[in-house]
file work_7.txt (compact mmCIF, C-alpha atoms and all ligand atoms)
# COMPACT_ATOMS: atom_id res chain seq x y z
CA MET E 1 -117.95 -126.68 -73.67
CA ASP E 2 -118.59 -127.95 -70.16
CA VAL E 3 -121.59 -128.68 -67.98
CA VAL E 4 -122.17 -128.96 -64.22
CA VAL E 5 -124.46 -131.82 -63.19
CA GLU E 6 -125.55 -133.75 -60.14
CA PRO E 7 -124.43 -137.39 -59.96
CA GLY E 8 -127.84 -139.02 -60.42
CA ILE E 9 -128.30 -137.92 -64.03
CA GLY E 10 -127.84 -140.67 -66.65
CA TRP E 11 -125.46 -140.11 -69.57
CA MET E 12 -128.32 -140.78 -72.00
CA GLU E 13 -130.60 -138.17 -70.38
CA LEU E 14 -127.71 -135.71 -70.34
CA ASN E 15 -127.12 -136.21 -74.05
CA GLU E 16 -130.82 -135.63 -74.81
CA TYR E 17 -130.54 -132.33 -72.92
CA LEU E 18 -127.33 -131.34 -74.73
CA GLU E 19 -128.39 -132.22 -78.28
CA PRO E 20 -130.09 -128.88 -79.09
CA TYR E 21 -126.82 -127.14 -78.20
CA GLY E 22 -124.95 -129.29 -80.75
CA LEU E 23 -122.93 -130.85 -77.92
CA PHE E 24 -122.62 -134.27 -76.29
CA PHE E 25 -120.85 -136.11 -73.49
CA PRO E 26 -118.76 -138.81 -75.14
CA LEU E 27 -118.90 -141.70 -72.65
CA ASP E 28 -121.35 -144.50 -73.41
CA PRO E 29 -121.25 -147.38 -70.88
CA GLY E 30 -124.37 -149.40 -69.89
CA PRO E 31 -127.66 -147.75 -70.85
CA GLY E 32 -128.77 -147.07 -67.24
CA ALA E 33 -125.44 -145.74 -65.95
CA THR E 34 -125.37 -142.45 -64.02
CA ILE E 35 -122.64 -139.82 -64.02
CA GLY E 36 -121.85 -140.49 -60.31
CA GLY E 37 -121.41 -144.23 -60.88
CA MET E 38 -119.45 -143.55 -64.07
CA CYS E 39 -117.01 -141.29 -62.17
CA ALA E 40 -116.72 -143.81 -59.35
CA THR E 41 -115.87 -146.71 -61.70
CA ARG E 42 -113.69 -144.66 -64.10
CA CYS E 43 -115.83 -146.11 -66.84
CA SER E 44 -115.46 -145.82 -70.58
CA GLY E 45 -117.25 -147.42 -73.54
CA SER E 46 -117.05 -147.63 -77.30
CA LEU E 47 -116.15 -143.94 -77.77
CA ALA E 48 -113.18 -144.00 -75.38
CA VAL E 49 -110.83 -144.82 -78.26
CA ARG E 50 -111.49 -141.31 -79.59
CA TYR E 51 -112.34 -139.23 -76.51
CA GLY E 52 -110.71 -141.04 -73.58
CA THR E 53 -112.26 -142.48 -70.43
CA MET E 54 -113.97 -140.76 -67.51
CA ARG E 55 -110.46 -139.83 -66.32
CA GLU E 56 -110.01 -137.49 -69.30
CA ASN E 57 -113.54 -136.07 -69.33
CA VAL E 58 -114.14 -134.82 -65.79
CA ILE E 59 -112.87 -131.32 -65.01
CA ASN E 60 -113.97 -130.86 -61.41
CA LEU E 61 -115.83 -132.69 -58.66
CA LYS E 62 -117.56 -131.75 -55.44
CA VAL E 63 -117.10 -134.56 -52.93
CA VAL E 64 -118.40 -135.11 -49.39
CA LEU E 65 -115.68 -136.81 -47.35
CA ALA E 66 -116.22 -139.27 -44.50
CA ASN E 67 -115.77 -136.49 -41.90
CA GLY E 68 -118.47 -134.37 -43.55
CA GLU E 69 -116.14 -131.88 -45.21
CA VAL E 70 -117.08 -130.81 -48.72
CA VAL E 71 -114.12 -130.70 -51.11
CA LYS E 72 -113.88 -129.06 -54.52
CA THR E 73 -111.20 -130.89 -56.53
CA GLY E 74 -110.53 -128.36 -59.32
CA SER E 75 -111.66 -125.24 -61.17
CA ARG E 76 -113.53 -124.93 -64.48
CA ALA E 77 -110.30 -124.53 -66.46
CA ARG E 78 -109.75 -127.27 -69.03
CA LYS E 79 -106.24 -127.82 -67.72
CA SER E 80 -104.48 -127.03 -64.47
CA ALA E 81 -101.12 -127.63 -62.81
CA ALA E 82 -102.35 -126.64 -59.36
CA GLY E 83 -101.38 -129.17 -56.73
CA TYR E 84 -102.22 -132.85 -56.29
CA ASP E 85 -104.81 -134.08 -58.78
CA LEU E 86 -107.68 -134.82 -56.39
CA THR E 87 -110.15 -135.14 -59.28
CA ARG E 88 -108.31 -138.19 -60.57
CA LEU E 89 -107.91 -139.60 -57.09
CA ILE E 90 -111.68 -139.70 -56.71
CA ILE E 91 -112.35 -140.90 -60.30
CA GLY E 92 -112.23 -144.70 -60.06
CA SER E 93 -112.29 -144.78 -56.23
CA GLU E 94 -115.56 -146.76 -56.33
CA GLY E 95 -117.17 -144.78 -53.51
CA THR E 96 -114.42 -145.72 -51.05
CA LEU E 97 -113.07 -142.19 -50.47
CA GLY E 98 -116.16 -139.97 -50.54
CA VAL E 99 -119.55 -139.30 -52.08
CA ILE E 100 -119.53 -137.34 -55.32
CA THR E 101 -122.29 -134.71 -55.23
CA GLU E 102 -121.46 -132.48 -58.22
CA VAL E 103 -119.53 -133.06 -61.44
CA THR E 104 -118.19 -130.68 -64.10
CA LEU E 105 -117.90 -132.56 -67.38
CA ARG E 106 -115.96 -131.74 -70.53
CA LEU E 107 -118.23 -131.75 -73.59
CA GLN E 108 -117.64 -132.36 -77.30
CA LYS E 109 -119.23 -130.98 -80.43
CA ILE E 110 -121.57 -133.42 -82.19
CA PRO E 111 -119.58 -134.46 -85.30
CA GLU E 112 -120.60 -132.81 -88.54
CA TYR E 113 -120.63 -136.13 -90.41
CA SER E 114 -120.13 -139.81 -89.69
CA VAL E 115 -119.84 -143.13 -91.49
CA VAL E 116 -120.45 -146.53 -89.88
CA ALA E 117 -118.70 -149.52 -91.46
CA MET E 118 -118.68 -153.29 -90.94
CA CYS E 119 -116.29 -155.94 -92.18
CA ASN E 120 -116.00 -159.74 -91.79
CA PHE E 121 -112.89 -161.84 -91.10
CA PRO E 122 -112.01 -165.56 -91.11
CA THR E 123 -110.50 -165.38 -87.57
CA VAL E 124 -110.68 -163.07 -84.55
CA LYS E 125 -106.92 -162.63 -84.86
CA ASP E 126 -107.35 -161.14 -88.36
CA ALA E 127 -110.01 -158.78 -86.97
CA ALA E 128 -107.80 -157.76 -84.03
CA ASP E 129 -104.85 -157.21 -86.42
CA VAL E 130 -106.98 -154.79 -88.46
CA ALA E 131 -108.01 -152.90 -85.33
CA ILE E 132 -104.33 -152.54 -84.41
CA ALA E 133 -103.27 -151.56 -87.96
CA THR E 134 -106.07 -148.97 -88.09
CA MET E 135 -104.88 -147.35 -84.86
CA MET E 136 -101.26 -147.49 -86.10
CA SER E 137 -102.30 -145.73 -89.32
CA GLY E 138 -102.97 -142.62 -87.25
CA ILE E 139 -106.66 -142.37 -88.16
CA GLN E 140 -108.65 -141.00 -85.24
CA VAL E 141 -111.51 -143.47 -85.46
CA SER E 142 -114.36 -142.79 -83.07
CA ARG E 143 -115.24 -146.46 -82.57
CA VAL E 144 -113.66 -149.86 -83.37
CA GLU E 145 -115.68 -152.75 -81.96
CA LEU E 146 -114.99 -156.44 -82.44
CA LEU E 147 -117.59 -159.22 -82.23
CA ASP E 148 -116.74 -162.90 -82.60
CA GLU E 149 -118.81 -165.42 -84.58
CA VAL E 150 -120.68 -166.62 -81.47
CA GLN E 151 -121.74 -163.07 -80.61
CA VAL E 152 -122.94 -162.52 -84.19
CA ARG E 153 -124.95 -165.78 -83.95
CA ALA E 154 -126.56 -164.47 -80.74
CA ILE E 155 -127.48 -161.24 -82.54
CA ASN E 156 -129.03 -163.23 -85.41
CA VAL E 157 -131.05 -165.39 -83.00
CA ALA E 158 -132.22 -162.40 -80.91
CA ASN E 159 -133.13 -160.10 -83.78
CA GLY E 160 -134.07 -162.48 -86.58
CA LYS E 161 -131.12 -161.19 -88.62
CA ASN E 162 -129.03 -163.02 -91.17
CA LEU E 163 -125.56 -161.60 -90.61
CA PRO E 164 -122.62 -163.82 -91.64
CA GLU E 165 -121.61 -165.71 -88.48
CA VAL E 166 -117.91 -164.83 -88.58
CA PRO E 167 -115.68 -162.46 -86.60
CA THR E 168 -116.76 -158.92 -87.40
CA LEU E 169 -115.37 -155.43 -86.90
CA MET E 170 -117.56 -152.35 -86.65
CA PHE E 171 -116.12 -148.86 -87.15
CA GLU E 172 -117.32 -145.30 -86.87
CA PHE E 173 -115.49 -142.52 -88.67
CA ILE E 174 -116.25 -138.87 -87.94
CA GLY E 175 -115.30 -135.41 -89.18
CA THR E 176 -116.27 -133.61 -92.36
CA GLU E 177 -117.98 -135.63 -95.10
CA ALA E 178 -114.75 -135.76 -97.13
CA TYR E 179 -112.60 -136.78 -94.17
CA SER E 180 -115.08 -139.49 -93.07
CA HIS E 181 -114.98 -140.93 -96.60
CA GLU E 182 -111.20 -140.77 -96.71
CA GLN E 183 -110.93 -142.71 -93.41
CA THR E 184 -113.44 -145.28 -94.67
CA LEU E 185 -111.38 -145.93 -97.80
CA ILE E 186 -108.09 -146.21 -95.87
CA VAL E 187 -109.58 -148.74 -93.45
CA GLN E 188 -111.25 -150.68 -96.27
CA LYS E 189 -107.76 -151.09 -97.78
CA ILE E 190 -106.25 -152.15 -94.43
CA ALA E 191 -109.04 -154.72 -93.99
CA SER E 192 -108.53 -156.15 -97.47
CA GLU E 193 -104.82 -156.64 -96.66
CA HIS E 194 -105.81 -158.78 -93.63
CA ASN E 195 -108.32 -161.18 -95.22
CA GLY E 196 -111.28 -158.84 -94.61
CA SER E 197 -114.37 -159.32 -96.78
CA ASP E 198 -117.88 -157.89 -97.26
CA PHE E 199 -116.81 -154.37 -96.25
CA VAL E 200 -120.05 -152.38 -96.06
CA PHE E 201 -120.70 -148.87 -94.81
CA ALA E 202 -123.72 -146.70 -94.02
CA GLU E 203 -124.19 -142.94 -94.15
CA ASP E 204 -127.95 -142.67 -93.81
CA PRO E 205 -128.81 -141.74 -90.16
CA GLU E 206 -131.40 -144.53 -89.75
CA ALA E 207 -129.09 -147.19 -91.23
CA LYS E 208 -126.26 -146.06 -88.93
CA LYS E 209 -128.54 -146.17 -85.89
CA GLU E 210 -129.64 -149.68 -86.85
CA LEU E 211 -126.03 -150.89 -87.13
CA TRP E 212 -125.03 -149.47 -83.72
CA LYS E 213 -128.20 -150.86 -82.15
CA ILE E 214 -126.82 -154.31 -82.97
CA ARG E 215 -123.69 -153.58 -80.95
CA LYS E 216 -125.43 -151.81 -78.06
CA GLU E 217 -127.85 -154.67 -77.55
CA ALA E 218 -125.20 -157.38 -77.88
CA LEU E 219 -125.31 -158.37 -74.19
CA TRP E 220 -129.09 -158.83 -74.17
CA ALA E 221 -128.85 -160.73 -77.46
CA CYS E 222 -126.74 -163.42 -75.74
CA PHE E 223 -129.70 -164.41 -73.57
CA ALA E 224 -131.62 -165.38 -76.71
CA MET E 225 -129.29 -168.40 -76.88
CA GLU E 226 -129.76 -169.41 -73.20
CA PRO E 227 -132.78 -167.52 -71.83
CA ASN E 228 -132.64 -168.98 -68.30
CA PHE E 229 -128.90 -168.60 -67.81
CA GLU E 230 -126.83 -165.92 -66.11
CA ALA E 231 -123.94 -164.09 -67.75
CA MET E 232 -120.46 -163.69 -66.33
CA ILE E 233 -118.96 -160.71 -68.10
CA THR E 234 -115.18 -160.52 -68.13
CA ASP E 235 -113.34 -157.22 -68.71
CA VAL E 236 -109.61 -157.19 -69.29
CA CYS E 237 -107.42 -154.73 -71.16
CA VAL E 238 -103.92 -155.04 -72.63
CA PRO E 239 -101.54 -152.79 -74.57
CA LEU E 240 -102.93 -152.57 -78.08
CA SER E 241 -99.97 -154.47 -79.57
CA ARG E 242 -100.84 -157.51 -77.38
CA LEU E 243 -104.59 -157.57 -78.18
CA ALA E 244 -104.39 -160.12 -81.00
CA GLU E 245 -102.34 -162.45 -78.79
CA LEU E 246 -104.75 -162.11 -75.85
CA ILE E 247 -107.78 -162.75 -78.04
CA SER E 248 -106.17 -165.76 -79.76
CA ARG E 249 -105.16 -167.33 -76.41
CA SER E 250 -108.56 -166.64 -74.83
CA LYS E 251 -110.52 -167.83 -77.86
CA LYS E 252 -108.79 -171.23 -77.74
CA GLU E 253 -109.82 -171.62 -74.10
CA LEU E 254 -113.37 -170.34 -74.69
CA ASP E 255 -113.97 -172.58 -77.73
CA SER E 256 -112.89 -175.69 -75.83
CA SER E 257 -115.23 -174.90 -72.90
CA SER E 258 -118.62 -176.60 -72.56
CA LEU E 259 -120.22 -173.18 -71.93
CA VAL E 260 -121.50 -170.73 -74.54
CA CYS E 261 -119.03 -167.82 -74.61
CA THR E 262 -119.17 -164.73 -76.81
CA VAL E 263 -116.46 -162.13 -77.43
CA ILE E 264 -117.03 -158.37 -77.59
CA ALA E 265 -114.07 -155.99 -77.61
CA HIS E 266 -113.50 -152.25 -77.62
CA ALA E 267 -110.69 -153.29 -79.91
CA GLY E 268 -109.14 -149.86 -80.50
CA ASP E 269 -108.35 -149.67 -76.77
CA GLY E 270 -107.17 -153.27 -76.33
CA ASN E 271 -110.21 -153.82 -74.07
CA PHE E 272 -111.71 -157.26 -74.34
CA HIS E 273 -114.93 -158.69 -72.87
CA THR E 274 -116.40 -162.15 -72.99
CA VAL E 275 -119.94 -163.04 -72.02
CA VAL E 276 -119.91 -166.51 -70.45
CA LEU E 277 -123.41 -167.99 -70.11
CA PHE E 278 -123.97 -170.47 -67.29
CA ASP E 279 -126.83 -172.14 -65.43
CA PRO E 280 -126.92 -170.44 -61.99
CA ASN E 281 -128.30 -173.66 -60.43
CA ASP E 282 -125.39 -175.75 -61.70
CA GLU E 283 -122.35 -175.38 -59.47
CA LYS E 284 -120.07 -177.04 -62.04
CA GLN E 285 -121.05 -174.50 -64.68
CA ARG E 286 -120.55 -171.56 -62.30
CA LYS E 287 -117.07 -172.88 -61.46
CA GLU E 288 -116.25 -173.24 -65.16
CA ALA E 289 -117.34 -169.61 -65.80
CA GLU E 290 -115.11 -168.50 -62.91
CA ARG E 291 -112.23 -170.55 -64.28
CA LEU E 292 -112.52 -168.85 -67.68
CA ASN E 293 -112.63 -165.42 -66.06
CA HIS E 294 -109.57 -166.29 -63.99
CA PHE E 295 -107.75 -167.58 -67.09
CA MET E 296 -108.36 -164.37 -69.01
CA VAL E 297 -107.33 -162.09 -66.15
CA HIS E 298 -104.03 -163.95 -65.77
CA ALA E 299 -103.48 -163.98 -69.54
CA ALA E 300 -103.99 -160.18 -69.58
CA LEU E 301 -101.68 -159.65 -66.61
CA ASP E 302 -98.99 -161.77 -68.28
CA LEU E 303 -99.27 -159.46 -71.30
CA GLU E 304 -98.71 -156.32 -69.18
CA GLY E 305 -102.43 -155.59 -69.03
CA THR E 306 -105.02 -155.00 -66.35
CA CYS E 307 -107.68 -157.16 -64.66
CA THR E 308 -110.32 -154.51 -65.43
CA GLY E 309 -110.37 -152.03 -68.30
CA GLU E 310 -113.59 -150.31 -67.31
CA HIS E 311 -115.92 -152.18 -64.94
CA GLY E 312 -113.85 -151.67 -61.78
CA VAL E 313 -112.59 -153.87 -58.96
CA GLY E 314 -115.48 -154.06 -56.46
CA THR E 315 -114.94 -157.15 -54.35
CA GLY E 316 -114.56 -159.71 -57.16
CA LYS E 317 -111.25 -158.51 -58.58
CA MET E 318 -109.44 -157.47 -55.38
CA LYS E 319 -107.55 -160.75 -55.48
CA TYR E 320 -105.80 -159.77 -58.73
CA LEU E 321 -104.53 -156.34 -57.66
CA GLU E 322 -101.35 -157.50 -55.95
CA LYS E 323 -100.17 -159.29 -59.09
CA GLU E 324 -101.09 -156.29 -61.25
CA LEU E 325 -99.85 -153.39 -59.13
CA GLY E 326 -97.60 -154.82 -56.42
CA MET E 327 -97.85 -154.59 -52.65
CA GLU E 328 -96.24 -151.11 -52.41
CA ALA E 329 -99.00 -149.60 -54.56
CA LEU E 330 -101.67 -151.34 -52.49
CA LYS E 331 -100.11 -150.11 -49.25
CA THR E 332 -100.14 -146.57 -50.65
CA MET E 333 -103.83 -146.95 -51.51
CA LYS E 334 -104.51 -148.21 -48.00
CA ARG E 335 -102.72 -145.17 -46.49
CA ILE E 336 -104.85 -142.82 -48.60
CA LYS E 337 -107.99 -144.71 -47.58
CA ALA E 338 -107.03 -144.56 -43.88
CA ALA E 339 -106.29 -140.82 -44.10
CA LEU E 340 -109.60 -139.93 -45.75
CA ASP E 341 -111.86 -142.54 -44.16
CA PRO E 342 -110.28 -143.66 -40.87
CA ASN E 343 -113.44 -145.43 -39.68
CA GLY E 344 -113.92 -147.27 -42.97
CA ILE E 345 -117.51 -146.10 -43.54
CA MET E 346 -117.24 -145.46 -47.31
CA ASN E 347 -118.05 -148.66 -49.24
CA PRO E 348 -116.22 -150.81 -46.68
CA GLY E 349 -114.64 -154.01 -47.95
CA LYS E 350 -114.33 -152.79 -51.54
CA LEU E 351 -111.32 -152.24 -53.79
CA ILE E 352 -108.42 -152.73 -51.30
CA PRO E 353 -107.75 -156.40 -50.45
CA PRO E 354 -108.21 -157.13 -46.72
CA HIS E 355 -104.69 -158.57 -46.30
CA VAL E 356 -103.00 -155.24 -47.15
CA CYS E 357 -101.42 -153.64 -44.03
CA PHE E 358 -99.03 -150.72 -43.61
C1 LIG E 401 -125.34 -153.60 -71.06
C2 LIG E 401 -124.19 -152.98 -70.30
C3 LIG E 401 -123.13 -152.46 -71.03
C4 LIG E 401 -122.07 -151.89 -70.37
N1 LIG E 401 -121.07 -151.36 -71.11
C5 LIG E 401 -120.05 -150.71 -70.50
C6 LIG E 401 -119.02 -150.10 -71.27
O1 LIG E 401 -119.01 -150.17 -72.51
N2 LIG E 401 -118.05 -149.44 -70.60
C7 LIG E 401 -118.02 -149.36 -69.22
O2 LIG E 401 -117.11 -148.74 -68.66
N3 LIG E 401 -118.98 -149.95 -68.47
C8 LIG E 401 -119.99 -150.61 -69.08
N4 LIG E 401 -120.96 -151.19 -68.32
C9 LIG E 401 -120.87 -151.12 -66.84
C10 LIG E 401 -121.57 -149.90 -66.19
O3 LIG E 401 -122.42 -149.24 -67.10
C11 LIG E 401 -120.54 -148.90 -65.68
O4 LIG E 401 -119.71 -149.53 -64.71
C12 LIG E 401 -121.11 -147.62 -65.05
O5 LIG E 401 -120.04 -146.73 -64.83
C13 LIG E 401 -121.85 -147.87 -63.75
O6 LIG E 401 -122.65 -146.75 -63.47
P1 LIG E 401 -123.89 -146.86 -62.46
O7 LIG E 401 -124.53 -145.51 -62.38
O8 LIG E 401 -124.74 -148.02 -62.84
O9 LIG E 401 -123.10 -147.14 -61.09
P2 LIG E 401 -123.47 -148.13 -59.91
O10 LIG E 401 -123.35 -149.53 -60.39
O11 LIG E 401 -124.71 -147.67 -59.25
O12 LIG E 401 -122.26 -147.82 -58.93
C14 LIG E 401 -120.94 -148.20 -59.26
C15 LIG E 401 -120.01 -147.84 -58.09
O13 LIG E 401 -119.95 -146.43 -57.96
C16 LIG E 401 -120.29 -146.03 -56.64
N5 LIG E 401 -121.01 -144.75 -56.75
C17 LIG E 401 -122.16 -144.51 -57.42
N6 LIG E 401 -122.52 -143.22 -57.30
C18 LIG E 401 -121.57 -142.61 -56.55
C19 LIG E 401 -121.38 -141.28 -56.06
N7 LIG E 401 -122.24 -140.31 -56.34
N8 LIG E 401 -120.29 -141.03 -55.29
C20 LIG E 401 -119.40 -142.00 -54.99
N9 LIG E 401 -119.53 -143.29 -55.43
C21 LIG E 401 -120.61 -143.59 -56.19
C22 LIG E 401 -121.14 -147.15 -56.09
O14 LIG E 401 -121.09 -147.18 -54.68
C23 LIG E 401 -120.49 -148.36 -56.73
O15 LIG E 401 -119.36 -148.76 -56.01
C24 LIG E 401 -122.04 -151.82 -68.95
C25 LIG E 401 -123.10 -152.34 -68.22
C26 LIG E 401 -124.17 -152.93 -68.88
C27 LIG E 401 -125.30 -153.47 -68.07

call {"tool": "encode", "arguments": {"input": "work_7.txt", "output": "structure tokens", "more": "lines below"}}
Ligand SMILES: Cc1cc2nc3c(=O)[nH]c(=O)nc-3n(C[C@H](O)[C@H](O)[C@H](O)COP(=O)(O)OP(=O)(O)OC[C@H]3O[C@@H](n4cnc5c(N)ncnc54)[C@H](O)[C@@H]3O)c2cc1C
result
Amino acid sequence: MDVVVEPGIGWMELNEYLEPYGLFFPLDPGPGATIGGMCATRCSGSLAVRYGTMRENVINLKVVLANGEVVKTGSRARKSAAGYDLTRLIIGSEGTLGVITEVTLRLQKIPEYSVVAMCNFPTVKDAADVAIATMMSGIQVSRVELLDEVQVRAINVANGKNLPEVPTLMFEFIGTEAYSHEQTLIVQKIASEHNGSDFVFAEDPEAKKELWKIRKEALWACFAMEPNFEAMITDVCVPLSRLAELISRSKKELDSSSLVCTVIAHAGDGNFHTVVLFDPNDEKQRKEAERLNHFMVHAALDLEGTCTGEHGVGTGKMKYLEKELGMEALKTMKRIKAALDPNGIMNPGKLIPPHVCF
């Protein structure tokens, strides 16, 4: 239940290769993402609520360091207590510590059965409350995705659909047929206790694919509303118990903005994205998009969350790290960086803010 790959393979190609073996790799970020980039950003996706992020699904790496040495970070064993965890040091290092050249990935069995369900809510807070209550019920859902009414409108415009333009939750339940049904019924009850309506579910493979296609293409659907605009995509994450509060606070700010803003959340993980559409030729609009991003990052940090749940720091979010982690943590990162890459040749200028000294 593992596979050794080179970093340039895409997760979608890998899953095509694995399907005949009845196995799959359970991380599903952007459609074009490669395993190397996914390791480097410590990415996740809609399935992380069930299977974890890249951090939990990489067993071993081969990495070329700045001095040319080739390091193996682990063995093929599924767990190990041997020494510092170099695998997890490299996962999420955004190419600043070395170049990943080989990856051993943990695989999962393709579920025997699955049910995909959808439910509507009067407010995003109700939807977030159901996501939280579902996780608290102990059900191991494989996906819980939240879309707000603006995102559903974008999907209707892009695909000629007629979905009710209200906050919506999408679920996937997996296991045996009986267990998938049992989970569906439990969540239907939870939803009805939180003002949920129009609970529908699909078991037919084509119908399920069609429902998930809606979610997977959500970002592209936004451009149907403003075809010549750019999108600023925010990515914050908070403890699950604070998700409803974060979404409520953010939604107030987004709704009072002059820009079109949609909400998409990997709600089971407390990970919340907004797509803010702005005219790239209009400086005022760009500034407003940046203001909204800034607002949401600070709201997440105030709720004990993080400035990035899955997209990474790059250069854009370096300015938030001190507030999130503190200067001592940043100094420690800088010491590690200096030890492994003393000449600063690996993705220079990324991840560690320039003002950090030790
Ligand atoms: C429509 C859409 C949906 C998305 N949804 C999600 C989502 O649900 N979850 C999520 O986490 N992300 C999501 N993303 C973001 C993106 O898919 C992820 O960040 C992904 O991990 C990036 O992979 P990549 O191959 O494109 O990496 P790149 O963008 O090419 O690289 C990312 C970073 O990794 C470094 N890097 C790349 N390869 C290596 C290597 N071999 N060794 C060392 N460093 C390397 C690069 O230098 C760079 O700093 C989405 C993106 C899009 C466009």

call {"tool": "residues_around", "arguments": {"input": "work_7.txt", "residues": "E:Val356", "least_positions_apart": "6", "cutoff": "9 Å", "atoms": "all atoms listed in the file", "output": "count of residues only"}}
result
4

call {"tool": "closest_atom_pairs", "arguments": {"input": "work_7.txt", "of": "chain E", "to": "ligand LIG 401 (chain E)", "cutoff": "7 Å", "atoms": "only C-alpha atoms and all ligand atoms", "output": "JSON lines"}}
result
{"residue": "E:Pro7", "atom": "CA", "partner": "E:LIG401", "partner_atom": "N7", "distance": 5.1}
{"residue": "E:Asp28", "atom": "CA", "partner": "E:LIG401", "partner_atom": "O1", "distance": 6.2}
{"residue": "E:Pro29", "atom": "CA", "partner": "E:LIG401", "partner_atom": "C6", "distance": 3.5}
{"residue": "E:Gly30", "atom": "CA", "partner": "E:LIG401", "partner_atom": "O3", "distance": 3.4}
{"residue": "E:Pro31", "atom": "CA", "partner": "E:LIG401", "partner_atom": "C1", "distance": 6.3}
{"residue": "E:Gly32", "atom": "CA", "partner": "E:LIG401", "partner_atom": "O8", "distance": 6.0}
{"residue": "E:Ala33", "atom": "CA", "partner": "E:LIG401", "partner_atom": "O7", "distance": 3.7}
{"residue": "E:Thr34", "atom": "CA", "partner": "E:LIG401", "partner_atom": "O7", "distance": 3.6}
{"residue": "E:Ile35", "atom": "CA", "partner": "E:LIG401", "partner_atom": "O7", "distance": 6.2}
{"residue": "E:Gly36", "atom": "CA", "partner": "E:LIG401", "partner_atom": "N7", "distance": 4.0}
{"residue": "E:Gly37", "atom": "CA", "partner": "E:LIG401", "partner_atom": "O9", "distance": 3.4}
{"residue": "E:Met38", "atom": "CA", "partner": "E:LIG401", "partner_atom": "O5", "distance": 3.3}
{"residue": "E:Cys39", "atom": "CA", "partner": "E:LIG401", "partner_atom": "O5", "distance": 6.8}
{"residue": "E:Ala40", "atom": "CA", "partner": "E:LIG401", "partner_atom": "O13", "distance": 4.4}
{"residue": "E:Thr41", "atom": "CA", "partner": "E:LIG401", "partner_atom": "O5", "distance": 5.2}
{"residue": "E:Arg42", "atom": "CA", "partner": "E:LIG401", "partner_atom": "O5", "distance": 6.7}
{"residue": "E:Cys43", "atom": "CA", "partner": "E:LIG401", "partner_atom": "O2", "distance": 3.4}
{"residue": "E:Ser44", "atom": "CA", "partner": "E:LIG401", "partner_atom": "O2", "distance": 3.9}
{"residue": "E:Gly45", "atom": "CA", "partner": "E:LIG401", "partner_atom": "O1", "distance": 3.4}
{"residue": "E:Ser46", "atom": "CA", "partner": "E:LIG401", "partner_atom": "O1", "distance": 5.8}
{"residue": "E:Glu94", "atom": "CA", "partner": "E:LIG401", "partner_atom": "O15", "distance": 4.3}
{"residue": "E:Gly95", "atom": "CA", "partner": "E:LIG401", "partner_atom": "N9", "distance": 3.4}
{"residue": "E:Gly98", "atom": "CA", "partner": "E:LIG401", "partner_atom": "C20", "distance": 5.9}
{"residue": "E:Val99", "atom": "CA", "partner": "E:LIG401", "partner_atom": "N8", "distance": 3.7}
{"residue": "E:Ile100", "atom": "CA", "partner": "E:LIG401", "partner_atom": "N8", "distance": 3.8}
{"residue": "E:Thr101", "atom": "CA", "partner": "E:LIG401", "partner_atom": "N7", "distance": 5.7}
{"residue": "E:Leu219", "atom": "CA", "partner": "E:LIG401", "partner_atom": "C1", "distance": 5.7}
{"residue": "E:Glu310", "atom": "CA", "partner": "E:LIG401", "partner_atom": "O2", "distance": 4.1}
{"residue": "E:His311", "atom": "CA", "partner": "E:LIG401", "partner_atom": "O4", "distance": 4.6}
{"residue": "E:Gly312", "atom": "CA", "partner": "E:LIG401", "partner_atom": "O4", "distance": 6.9}
{"residue": "E:Gly314", "atom": "CA", "partner": "E:LIG401", "partner_atom": "O15", "distance": 6.6}
{"residue": "E:Asn347", "atom": "CA", "partner": "E:LIG401", "partner_atom": "O14", "distance": 6.4}

call {"tool": "closest_residue", "arguments": {"input": "work_7.txt", "among": "E:Val70, E:Leu211, E:Val276, E:Val263", "to": "E:Leu147", "atoms": "only C-alpha atoms"}}
result
E:Val263

call {"tool": "closest_residue", "arguments": {"input": "work_7.txt", "among": "E:Ala117, E:Met136, E:Ile214, E:Leu89", "to": "E:Val157", "atoms": "all atoms listed in the file"}}
result
E:Ile214

call {"tool": "closest_residue", "arguments": {"input": "work_7.txt", "among": "E:Lys323, E:Ala81, E:Leu292, E:Leu18", "to": "E:Lys252", "atoms": "only C-alpha atoms"}}
result
E:Leu292

call {"tool": "closest_residue", "arguments": {"input": "work_7.txt", "among": "E:Tyr179, E:Phe278, E:Tyr21, E:Phe199", "to": "E:Phe229", "atoms": "all atoms listed in the file"}}
result
E:Phe278

call {"tool": "closest_residue", "arguments": {"input": "work_7.txt", "among": "E:Ala231, E:Leu301, E:Met225, E:Val116", "to": "E:Arg286", "atoms": "only C-alpha atoms"}}
result
E:Ala231

call {"tool": "closest_residue", "arguments": {"input": "work_7.txt", "among": "E:Glu230, E:Asp129, E:Glu210, E:Glu217", "to": "E:Val187", "atoms": "all atoms listed in the file"}}
result
E:Asp129

call {"tool": "residues_around", "arguments": {"input": "work_7.txt", "residues": "E:Asp235", "least_positions_apart": "4", "cutoff": "8 Å", "atoms": "all atoms listed in the file", "output": "list of chain:residue names"}}
result
E:Asn271, E:Phe272, E:His273, E:Thr274, E:Cys307, E:Thr308, E:Gly309, E:Glu310, E:His311

call {"tool": "residues_around", "arguments": {"input": "work_7.txt", "residues": "E:Phe25", "least_positions_apart": "2", "cutoff": "10 Å", "atoms": "all atoms listed in the file", "output": "ChimeraX atom specification"}}
result
/E:1-3,11-12,14-15,18-19,23,27-28,51,57,105-110

call {"tool": "residues_around", "arguments": {"input": "work_7.txt", "residues": "E:Pro227", "least_positions_apart": "5", "cutoff": "12 Å", "atoms": "only C-alpha atoms", "output": "VMD selection string"}}
result
chain E and resid 154 157 to 158 220 to 222 277 to 280
